[in-house]
file final_11.cif (mmCIF, C-alpha atoms)
data_run
loop_
_atom_site.label_atom_id
_atom_site.label_comp_id
_atom_site.auth_asym_id
_atom_site.auth_seq_id
_atom_site.Cartn_x
_atom_site.Cartn_y
_atom_site.Cartn_z
CA MET K 25 140.38 236.40 95.30
CA PRO K 26 144.02 237.18 94.48
CA VAL K 27 146.45 236.57 97.31
CA ILE K 28 149.82 238.29 97.69
CA GLU K 29 152.49 235.86 98.79
CA GLN K 30 156.23 235.84 99.11
CA ASN K 31 158.31 233.22 97.31
CA SER K 32 155.57 232.53 94.82
CA SER K 33 156.59 231.22 91.41
CA HIS K 34 154.38 233.67 89.59
CA ALA K 35 155.26 237.03 88.03
CA THR K 36 153.59 240.18 89.33
CA LEU K 37 152.90 243.01 86.91
CA ILE K 38 152.23 246.44 88.39
CA ASN K 39 151.27 248.98 85.75
CA VAL K 40 150.73 252.53 86.99
CA PHE K 41 148.77 254.76 84.61
CA THR K 42 148.83 258.53 85.06
CA VAL K 43 145.55 260.01 83.92
CA GLU K 44 143.58 263.23 83.84
CA PRO K 45 141.00 263.01 86.65
CA ASP K 46 138.07 263.37 84.29
CA ARG K 47 139.23 260.30 82.34
CA ALA K 48 140.05 258.04 85.32
CA GLN K 49 136.72 256.21 85.25
CA GLU K 50 136.90 255.70 81.49
CA LEU K 51 140.37 254.15 81.83
CA THR K 52 139.26 252.00 84.78
CA ASP K 53 136.32 250.69 82.76
CA LEU K 54 138.48 250.03 79.69
CA LEU K 55 141.03 248.02 81.69
CA SER K 56 138.28 246.01 83.44
CA HIS K 57 136.59 245.31 80.10
CA ALA K 58 139.86 244.35 78.37
CA THR K 59 140.73 241.98 81.20
CA ALA K 60 137.34 240.29 81.11
CA GLU K 61 137.20 240.06 77.33
CA VAL K 62 140.80 239.25 76.40
CA MET K 63 143.49 239.07 79.06
CA GLN K 64 141.94 236.53 81.40
CA HIS K 65 141.54 234.05 78.53
CA LEU K 66 145.23 234.10 77.59
CA PRO K 67 147.61 231.32 78.69
CA GLY K 68 149.24 231.93 82.03
CA PHE K 69 146.78 234.54 83.31
CA ARG K 70 146.17 234.27 87.05
CA SER K 71 144.55 237.50 88.18
CA ALA K 72 144.21 241.21 87.55
CA SER K 73 142.92 243.80 90.01
CA ILE K 74 142.13 247.26 88.70
CA HIS K 75 142.60 250.11 91.19
CA LYS K 76 141.62 253.78 90.91
CA SER K 77 143.25 256.37 93.14
CA THR K 78 140.92 258.36 95.34
CA ASP K 79 142.35 261.56 93.81
CA ARG K 80 141.58 260.14 90.32
CA THR K 81 145.09 260.85 88.99
CA ARG K 82 146.29 257.23 88.86
CA VAL K 83 144.89 253.88 87.77
CA VAL K 84 146.86 250.75 88.69
CA ASN K 85 146.61 247.25 87.27
CA TYR K 86 148.01 244.73 89.78
CA ALA K 87 148.22 241.47 87.84
CA GLN K 88 149.62 238.00 88.40
CA TRP K 89 150.87 235.77 85.59
CA ASP K 90 152.24 232.25 85.77
CA SER K 91 155.62 233.49 84.56
CA ALA K 92 157.36 236.43 82.94
CA ALA K 93 157.24 234.46 79.67
CA ALA K 94 153.42 234.30 79.86
CA PHE K 95 153.30 238.05 80.41
CA PHE K 96 155.57 238.75 77.44
CA ALA K 97 153.49 236.41 75.25
CA MET K 98 150.39 238.40 76.20
CA GLN K 99 152.13 241.59 75.11
CA ALA K 100 152.59 240.05 71.65
CA ASP K 101 148.95 238.97 71.32
CA PRO K 102 147.14 241.11 68.70
CA ALA K 103 143.85 241.48 70.65
CA ALA K 104 145.76 242.33 73.84
CA ARG K 105 147.85 244.90 71.96
CA GLU K 106 144.72 246.58 70.67
CA HIS K 107 143.38 247.02 74.21
CA MET K 108 146.76 248.19 75.50
CA SER K 109 146.92 250.83 72.76
CA ALA K 110 143.46 252.08 73.68
CA ALA K 111 144.51 252.37 77.35
CA ALA K 112 147.71 254.17 76.38
CA GLU K 113 145.70 256.71 74.41
CA ILE K 114 143.52 257.58 77.41
CA ALA K 115 146.43 257.74 79.86
CA SER K 116 149.00 260.52 79.83
CA ALA K 117 151.70 258.02 80.95
CA PHE K 118 152.04 254.40 82.01
CA ASP K 119 154.81 252.55 83.80
CA PRO K 120 154.62 248.75 83.66
CA HIS K 121 157.21 246.64 85.49
CA LEU K 122 157.42 243.02 86.56
CA TYR K 123 158.02 242.50 90.27
CA THR K 124 158.87 239.88 92.83
CA VAL K 125 157.23 239.96 96.26
CA GLU K 126 160.09 240.55 98.70
CA SER K 127 158.26 240.55 102.01
CA VAL K 128 154.69 240.31 103.30
CA HIS K 129 153.56 241.68 106.67
CA GLN K 130 150.10 241.15 108.05
CA LYS K 131 148.37 241.88 111.31
CA MET W 22 148.30 236.44 103.36
CA PRO W 23 146.86 239.69 102.01
CA VAL W 24 143.86 239.27 99.75
CA ILE W 25 142.79 241.78 97.10
CA GLU W 26 139.03 242.22 97.08
CA GLN W 27 136.54 244.54 95.51
CA ASN W 28 134.08 246.51 97.67
CA SER W 29 136.25 246.13 100.72
CA SER W 30 135.96 248.77 103.40
CA HIS W 31 139.71 249.18 103.72
CA ALA W 32 142.02 251.74 102.09
CA THR W 33 144.74 250.55 99.75
CA LEU W 34 148.01 252.47 99.61
CA ILE W 35 150.23 251.91 96.58
CA ASN W 36 153.53 253.74 96.88
CA VAL W 37 155.85 253.46 93.87
CA PHE W 38 159.48 254.33 94.59
CA THR W 39 161.84 255.08 91.72
CA VAL W 40 165.36 254.01 92.65
CA GLU W 41 168.83 253.56 91.23
CA PRO W 42 169.27 249.83 90.54
CA ASP W 43 172.25 249.54 92.86
CA ARG W 44 170.14 250.83 95.77
CA ALA W 45 166.97 248.78 95.10
CA GLN W 46 167.84 246.06 97.61
CA GLU W 47 168.76 248.60 100.29
CA LEU W 48 165.39 250.32 99.85
CA THR W 49 163.54 247.00 99.85
CA ASP W 50 165.24 246.02 103.10
CA LEU W 51 164.56 249.40 104.71
CA LEU W 52 160.84 249.23 103.88
CA SER W 53 160.57 245.65 105.13
CA HIS W 54 162.37 246.57 108.35
CA ALA W 55 160.29 249.73 108.90
CA THR W 56 157.08 247.77 108.41
CA ALA W 57 158.10 245.06 110.86
CA GLU W 58 159.42 247.49 113.46
CA VAL W 59 156.94 250.36 113.29
CA MET W 60 154.12 250.35 110.72
CA GLN W 61 152.51 247.03 111.55
CA HIS W 62 152.14 248.04 115.19
CA LEU W 63 150.18 251.19 114.40
CA PRO W 64 146.38 251.34 114.71
CA GLY W 65 144.52 250.32 111.59
CA PHE W 66 147.39 248.49 109.90
CA ARG W 67 146.24 245.45 107.94
CA SER W 68 149.04 244.43 105.62
CA ALA W 69 152.03 245.61 103.62
CA SER W 70 153.70 243.76 100.78
CA ILE W 71 157.05 245.01 99.54
CA HIS W 72 157.78 244.41 95.85
CA LYS W 73 161.01 244.91 93.88
CA SER W 74 160.95 245.20 90.10
CA THR W 75 162.98 242.65 88.20
CA ASP W 76 164.81 245.51 86.48
CA ARG W 77 165.61 246.97 89.93
CA THR W 78 164.37 250.48 89.01
CA ARG W 79 161.17 250.41 91.12
CA VAL W 80 160.18 249.31 94.61
CA VAL W 81 156.46 249.20 95.43
CA ASN W 82 154.74 249.05 98.80
CA TYR W 83 151.21 247.65 98.41
CA ALA W 84 149.57 248.23 101.78
CA GLN W 85 146.11 247.89 103.28
CA TRP W 86 144.83 250.06 106.11
CA ASP W 87 141.49 249.93 107.90
CA SER W 88 140.66 253.40 106.57
CA ALA W 89 142.15 256.48 104.96
CA ALA W 90 142.10 258.09 108.42
CA ALA W 91 144.32 255.30 109.81
CA PHE W 92 146.77 255.85 106.95
CA PHE W 93 146.90 259.62 107.52
CA ALA W 94 147.40 259.05 111.27
CA MET W 95 150.37 256.80 110.45
CA GLN W 96 151.87 259.58 108.34
CA ALA W 97 151.78 261.84 111.40
CA ASP W 98 153.46 259.30 113.69
CA PRO W 99 157.03 260.42 114.56
CA ALA W 100 158.62 256.96 114.27
CA ALA W 101 156.85 256.30 110.98
CA ARG W 102 157.95 259.69 109.65
CA GLU W 103 161.55 258.88 110.47
CA HIS W 104 161.41 255.68 108.42
CA MET W 105 159.60 257.40 105.56
CA SER W 106 162.29 260.08 105.46
CA ALA W 107 165.01 257.44 105.30
CA ALA W 108 163.21 255.73 102.40
CA ALA W 109 162.77 259.05 100.60
CA GLU W 110 166.50 259.68 100.87
CA ILE W 111 167.37 256.39 99.17
CA ALA W 112 164.74 256.76 96.43
CA SER W 113 165.02 259.28 93.62
CA ALA W 114 161.21 259.70 93.63
CA PHE W 115 158.13 258.25 95.29
CA ASP W 116 154.45 258.44 94.38
CA PRO W 117 152.03 257.38 97.13
CA HIS W 118 148.28 257.35 96.46
CA LEU W 119 145.28 255.80 98.16
CA TYR W 120 143.19 253.54 95.95
CA THR W 121 139.92 251.69 95.79
CA VAL W 122 139.76 248.26 94.16
CA GLU W 123 137.46 248.73 91.16
CA SER W 124 137.41 245.21 89.73
CA VAL W 125 139.03 241.85 90.38
CA HIS W 126 139.44 239.15 87.73
CA GLN W 127 140.76 235.71 88.49
CA LYS W 128 141.11 232.52 86.53
#
call {"tool": "encode", "arguments": {"input": "final_11.cif", "output": "structure tokens"}}
result
Amino acid sequence: MPVIEQNSSHATLINVFTVEPDRAQELTDLLSHATAEVMQHLPGFRSASIHKSTDRTRVVNYAQWDSAAAFFAMQADPAAREHMSAAAEIASAFDPHLYTVESVHQK
Amino acid sequence: MPVIEQNSSHATLINVFTVEPDRAQELTDLLSHATAEVMQHLPGFRSASIHKSTDRTRVVNYAQWDSAAAFFAMQADPAAREHMSAAAEIASAFDPHLYTVESVHQK
């Protein structure tokens, strides 16, 4: 299972999709399917975890790639682009950014 | 270290802060400090991981609580509210939602 750790060498993508509640499950399923079919087979993929908000207005992909370069290469892959376009059509907005883990606190 | 897993009983909070780039580090530090000082001592806290986007326009808190009820109780705690207000003043927007983990894919 994916682990969140500080000072890791990998790149974290957090993509927040805004969605109409009645399309939240459809978007969740599309992202899970695209990850299983395409994304996880691309170079540098480490993990992707698809989250759905309990109010069904947001879907979040929390993904880990070996590097920012691997993430950008994925974005240029034709099959990946096709799935990303399909997700963008279901969502009303999306907000992908690459992140570093700055601190981790655990009980 | 925090682990992302499907079908977990816990509640996942993802709070996305939009921030001016020159205040991203200040907000990151405030959230890390608030978690260490207050949040992680509250009942039901499991983990919090503070992320800063590489473009410095977003800060994300990815947190795990035992339950939604524990998260809502935290929001009513006076010390926690004080820290949340301070974070809200630094950020230009924030977008907290509770999530379930719908699928996890790992290489």
call {"tool": "closest_atom_pairs", "arguments": {"input": "final_11.cif", "of": "chain W", "to": "chain K", "cutoff": "10 Å", "atoms": "only C-alpha atoms", "output": "CSV"}}
result
residue,atom,partner,partner_atom,distance
W:Met22,CA,K:Ile28,CA,6.2
W:Pro23,CA,K:Ile28,CA,5.4
W:Val24,CA,K:Val27,CA,4.5
W:Ile25,CA,K:Pro26,CA,5.4
W:Glu26,CA,K:Met25,CA,6.2
W:Gln27,CA,K:Ser73,CA,8.5
W:Ala32,CA,K:Thr78,CA,9.5
W:Thr33,CA,K:His75,CA,8.8
W:Leu34,CA,K:Ser77,CA,8.9
W:Ile35,CA,K:Val84,CA,8.7
W:Val37,CA,K:Val40,CA,8.6
W:Gln46,CA,K:Glu126,CA,9.6
W:Thr49,CA,K:Glu126,CA,7.4
W:Asp50,CA,K:Glu126,CA,8.7
W:Leu52,CA,K:Ser127,CA,9.2
W:Ser53,CA,K:Ser127,CA,6.4
W:His54,CA,K:Ser127,CA,9.7
W:Thr56,CA,K:His129,CA,7.2
W:Ala57,CA,K:His129,CA,7.0
W:Met60,CA,K:His129,CA,9.6
W:Gln61,CA,K:Lys131,CA,6.6
W:His62,CA,K:Lys131,CA,8.2
W:Leu63,CA,K:Lys131,CA,10.0
W:Gly65,CA,K:Lys131,CA,9.3
W:Phe66,CA,K:Lys131,CA,6.8
W:Arg67,CA,K:Lys131,CA,5.4
W:Ser68,CA,K:Gln130,CA,4.2
W:Ala69,CA,K:His129,CA,5.2
W:Ser70,CA,K:Val128,CA,4.4
W:Ile71,CA,K:Ser127,CA,5.2
W:His72,CA,K:Val125,CA,4.5
W:Lys73,CA,K:Tyr123,CA,5.3
W:Ser74,CA,K:Tyr123,CA,4.0
W:Thr75,CA,K:Tyr123,CA,5.4
W:Asp76,CA,K:His121,CA,7.7
W:Arg77,CA,K:Tyr123,CA,8.8
W:Thr78,CA,K:His121,CA,8.9
W:Arg79,CA,K:His121,CA,7.8
W:Val80,CA,K:Tyr123,CA,8.4
W:Val81,CA,K:Tyr123,CA,8.6
W:Asn82,CA,K:Ser127,CA,9.7
W:Tyr83,CA,K:Val128,CA,9.5
W:Ala84,CA,K:His129,CA,9.1
W:Gln85,CA,K:Gln130,CA,9.2
W:Ala89,CA,K:Thr78,CA,9.9
W:Asp116,CA,K:Arg82,CA,9.9
W:Pro117,CA,K:Ser77,CA,9.7
W:His118,CA,K:Ser77,CA,6.1
W:Leu119,CA,K:Ser77,CA,5.4
W:Tyr120,CA,K:Ser77,CA,4.0
W:Thr121,CA,K:His75,CA,5.6
W:Val122,CA,K:His75,CA,4.5
W:Glu123,CA,K:His75,CA,5.3
W:Ser124,CA,K:Ile74,CA,5.2
W:Val125,CA,K:Ser73,CA,4.4
W:His126,CA,K:Ala72,CA,5.2
W:Gln127,CA,K:Ser71,CA,4.2
W:Lys128,CA,K:Arg70,CA,5.4
call {"tool": "atom_distance", "arguments": {"input": "final_11.cif", "atom1": "atom CA of Ala45 of chain W", "atom2": "atom CA of Ala91 of chain W"}}
result
27.8 Å
call {"tool": "calpha_fit_and_write", "arguments": {"input": "final_11.cif", "fixed": "chain K", "moving": "chain W", "output": "CSV table (one decimal) with C-alpha atoms, in the frame of the given file"}}
result
chain,number,residue,atom,x,y,z
W,22,MET,CA,140.4,236.4,95.3
W,23,PRO,CA,144.0,237.2,94.5
W,24,VAL,CA,146.4,236.6,97.3
W,25,ILE,CA,149.8,238.3,97.7
W,26,GLU,CA,152.5,235.9,98.8
W,27,GLN,CA,156.2,235.9,99.1
W,28,ASN,CA,158.3,233.2,97.3
W,29,SER,CA,155.6,232.5,94.8
W,30,SER,CA,156.6,231.2,91.4
W,31,HIS,CA,154.4,233.7,89.6
W,32,ALA,CA,155.3,237.0,88.0
W,33,THR,CA,153.6,240.2,89.3
W,34,LEU,CA,152.9,243.0,86.9
W,35,ILE,CA,152.2,246.4,88.4
W,36,ASN,CA,151.3,249.0,85.8
W,37,VAL,CA,150.7,252.5,87.0
W,38,PHE,CA,148.8,254.8,84.6
W,39,THR,CA,148.8,258.5,85.1
W,40,VAL,CA,145.5,260.0,83.9
W,41,GLU,CA,143.6,263.2,83.8
W,42,PRO,CA,141.0,263.0,86.7
W,43,ASP,CA,138.1,263.4,84.3
W,44,ARG,CA,139.2,260.3,82.3
W,45,ALA,CA,140.1,258.0,85.3
W,46,GLN,CA,136.7,256.2,85.3
W,47,GLU,CA,136.9,255.7,81.5
W,48,LEU,CA,140.4,254.1,81.8
W,49,THR,CA,139.3,252.0,84.8
W,50,ASP,CA,136.3,250.7,82.8
W,51,LEU,CA,138.5,250.0,79.7
W,52,LEU,CA,141.0,248.0,81.7
W,53,SER,CA,138.3,246.0,83.4
W,54,HIS,CA,136.6,245.3,80.1
W,55,ALA,CA,139.9,244.4,78.4
W,56,THR,CA,140.7,242.0,81.2
W,57,ALA,CA,137.3,240.3,81.1
W,58,GLU,CA,137.2,240.1,77.3
W,59,VAL,CA,140.8,239.2,76.4
W,60,MET,CA,143.5,239.1,79.1
W,61,GLN,CA,142.0,236.5,81.4
W,62,HIS,CA,141.5,234.1,78.5
W,63,LEU,CA,145.2,234.1,77.6
W,64,PRO,CA,147.6,231.3,78.7
W,65,GLY,CA,149.2,231.9,82.0
W,66,PHE,CA,146.8,234.5,83.3
W,67,ARG,CA,146.2,234.3,87.0
W,68,SER,CA,144.5,237.5,88.2
W,69,ALA,CA,144.2,241.2,87.6
W,70,SER,CA,142.9,243.8,90.0
W,71,ILE,CA,142.1,247.2,88.7
W,72,HIS,CA,142.6,250.1,91.2
W,73,LYS,CA,141.6,253.8,90.9
W,74,SER,CA,143.2,256.4,93.1
W,75,THR,CA,140.9,258.4,95.3
W,76,ASP,CA,142.4,261.6,93.8
W,77,ARG,CA,141.6,260.2,90.3
W,78,THR,CA,145.1,260.9,89.0
W,79,ARG,CA,146.3,257.2,88.9
W,80,VAL,CA,144.9,253.9,87.8
W,81,VAL,CA,146.9,250.8,88.7
W,82,ASN,CA,146.6,247.2,87.3
W,83,TYR,CA,148.0,244.7,89.8
W,84,ALA,CA,148.2,241.5,87.8
W,85,GLN,CA,149.6,238.0,88.4
W,86,TRP,CA,150.9,235.8,85.6
W,87,ASP,CA,152.2,232.2,85.8
W,88,SER,CA,155.6,233.5,84.6
W,89,ALA,CA,157.4,236.4,82.9
W,90,ALA,CA,157.2,234.5,79.7
W,91,ALA,CA,153.4,234.3,79.9
W,92,PHE,CA,153.3,238.1,80.4
W,93,PHE,CA,155.6,238.8,77.4
W,94,ALA,CA,153.5,236.4,75.3
W,95,MET,CA,150.4,238.4,76.2
W,96,GLN,CA,152.1,241.6,75.1
W,97,ALA,CA,152.6,240.1,71.7
W,98,ASP,CA,149.0,239.0,71.3
W,99,PRO,CA,147.1,241.1,68.7
W,100,ALA,CA,143.9,241.5,70.7
W,101,ALA,CA,145.8,242.3,73.8
W,102,ARG,CA,147.9,244.9,72.0
W,103,GLU,CA,144.7,246.6,70.7
W,104,HIS,CA,143.4,247.0,74.2
W,105,MET,CA,146.8,248.2,75.5
W,106,SER,CA,146.9,250.8,72.8
W,107,ALA,CA,143.5,252.1,73.7
W,108,ALA,CA,144.5,252.4,77.3
W,109,ALA,CA,147.7,254.2,76.4
W,110,GLU,CA,145.7,256.7,74.4
W,111,ILE,CA,143.5,257.6,77.4
W,112,ALA,CA,146.4,257.7,79.9
W,113,SER,CA,149.0,260.5,79.8
W,114,ALA,CA,151.7,258.0,80.9
W,115,PHE,CA,152.0,254.4,82.0
W,116,ASP,CA,154.8,252.6,83.8
W,117,PRO,CA,154.6,248.7,83.7
W,118,HIS,CA,157.2,246.6,85.5
W,119,LEU,CA,157.4,243.0,86.6
W,120,TYR,CA,158.0,242.5,90.3
W,121,THR,CA,158.9,239.9,92.8
W,122,VAL,CA,157.2,240.0,96.3
W,123,GLU,CA,160.1,240.6,98.7
W,124,SER,CA,158.3,240.6,102.0
W,125,VAL,CA,154.7,240.3,103.3
W,126,HIS,CA,153.6,241.7,106.7
W,127,GLN,CA,150.1,241.2,108.0
W,128,LYS,CA,148.4,241.9,111.3
call {"tool": "atom_distance", "arguments": {"input": "final_11.cif", "atom1": "atom CA of Val62 of chain K", "atom2": "atom CA of Ser29 of chain W"}}
result
25.7 Å
call {"tool": "closest_residue", "arguments": {"input": "final_11.cif", "among": "W:Ala108, W:Pro64, W:Phe115, W:Arg44", "to": "Ala90 of chain W", "atoms": "all atoms listed in the file"}}
result
W:Pro64
call {"tool": "atom_distance", "arguments": {"input": "final_11.cif", "atom1": "atom CA of Pro99 of chain W", "atom2": "atom CA of Leu51 of chain W"}}
result
16.6 Å
call {"tool": "closest_residue", "arguments": {"input": "final_11.cif", "among": "W:Phe92, W:Trp86, W:Val40, W:Glu58", "to": "Ile111 of chain W", "atoms": "all atoms listed in the file"}}
result
W:Val40
call {"tool": "decode", "arguments": {"input": "final_11.cif", "residues": "segment 88-115 of chain K", "atoms": "C-alpha atoms", "output": "PDB file, in the first residue's frame"}}
result
ATOM      1  CA  GLN K  88       3.249   8.989  -6.645  1.00  0.00           C
ATOM      2  CA  TRP K  89       5.709   9.000  -9.536  1.00  0.00           C
ATOM      3  CA  ASP K  90       9.434   8.319  -9.507  1.00  0.00           C
ATOM      4  CA  SER K  91      10.103  11.896 -10.594  1.00  0.00           C
ATOM      5  CA  ALA K  92       8.471  14.984 -12.035  1.00  0.00           C
ATOM      6  CA  ALA K  93       9.967  13.983 -15.401  1.00  0.00           C
ATOM      7  CA  ALA K  94       8.114  10.643 -15.285  1.00  0.00           C
ATOM      8  CA  PHE K  95       4.872  12.479 -14.548  1.00  0.00           C
ATOM      9  CA  PHE K  96       5.373  14.896 -17.443  1.00  0.00           C
ATOM     10  CA  ALA K  97       6.205  11.989 -19.784  1.00  0.00           C
ATOM     11  CA  MET K  98       2.915  10.351 -18.790  1.00  0.00           C
ATOM     12  CA  GLN K  99       1.076  13.546 -19.692  1.00  0.00           C
ATOM     13  CA  ALA K 100       2.516  13.278 -23.216  1.00  0.00           C
ATOM     14  CA  ASP K 101       1.515   9.628 -23.660  1.00  0.00           C
ATOM     15  CA  PRO K 102      -1.344   9.312 -26.204  1.00  0.00           C
ATOM     16  CA  ALA K 103      -3.312   6.629 -24.299  1.00  0.00           C
ATOM     17  CA  ALA K 104      -2.936   8.563 -21.036  1.00  0.00           C
ATOM     18  CA  ARG K 105      -4.082  11.767 -22.749  1.00  0.00           C
ATOM     19  CA  GLU K 106      -7.195  10.029 -24.009  1.00  0.00           C
ATOM     20  CA  HIS K 107      -8.162   8.974 -20.483  1.00  0.00           C
ATOM     21  CA  MET K 108      -7.346  12.409 -19.069  1.00  0.00           C
ATOM     22  CA  SER K 109      -9.589  14.043 -21.671  1.00  0.00           C
ATOM     23  CA  ALA K 110     -12.445  11.710 -20.759  1.00  0.00           C
ATOM     24  CA  ALA K 111     -12.018  12.600 -17.063  1.00  0.00           C
ATOM     25  CA  ALA K 112     -11.905  16.305 -17.879  1.00  0.00           C
ATOM     26  CA  GLU K 113     -15.190  16.006 -19.759  1.00  0.00           C
ATOM     27  CA  ILE K 114     -16.967  14.478 -16.761  1.00  0.00           C
ATOM     28  CA  ALA K 115     -15.503  16.943 -14.249  1.00  0.00           C
TER      29      ALA K 115
END
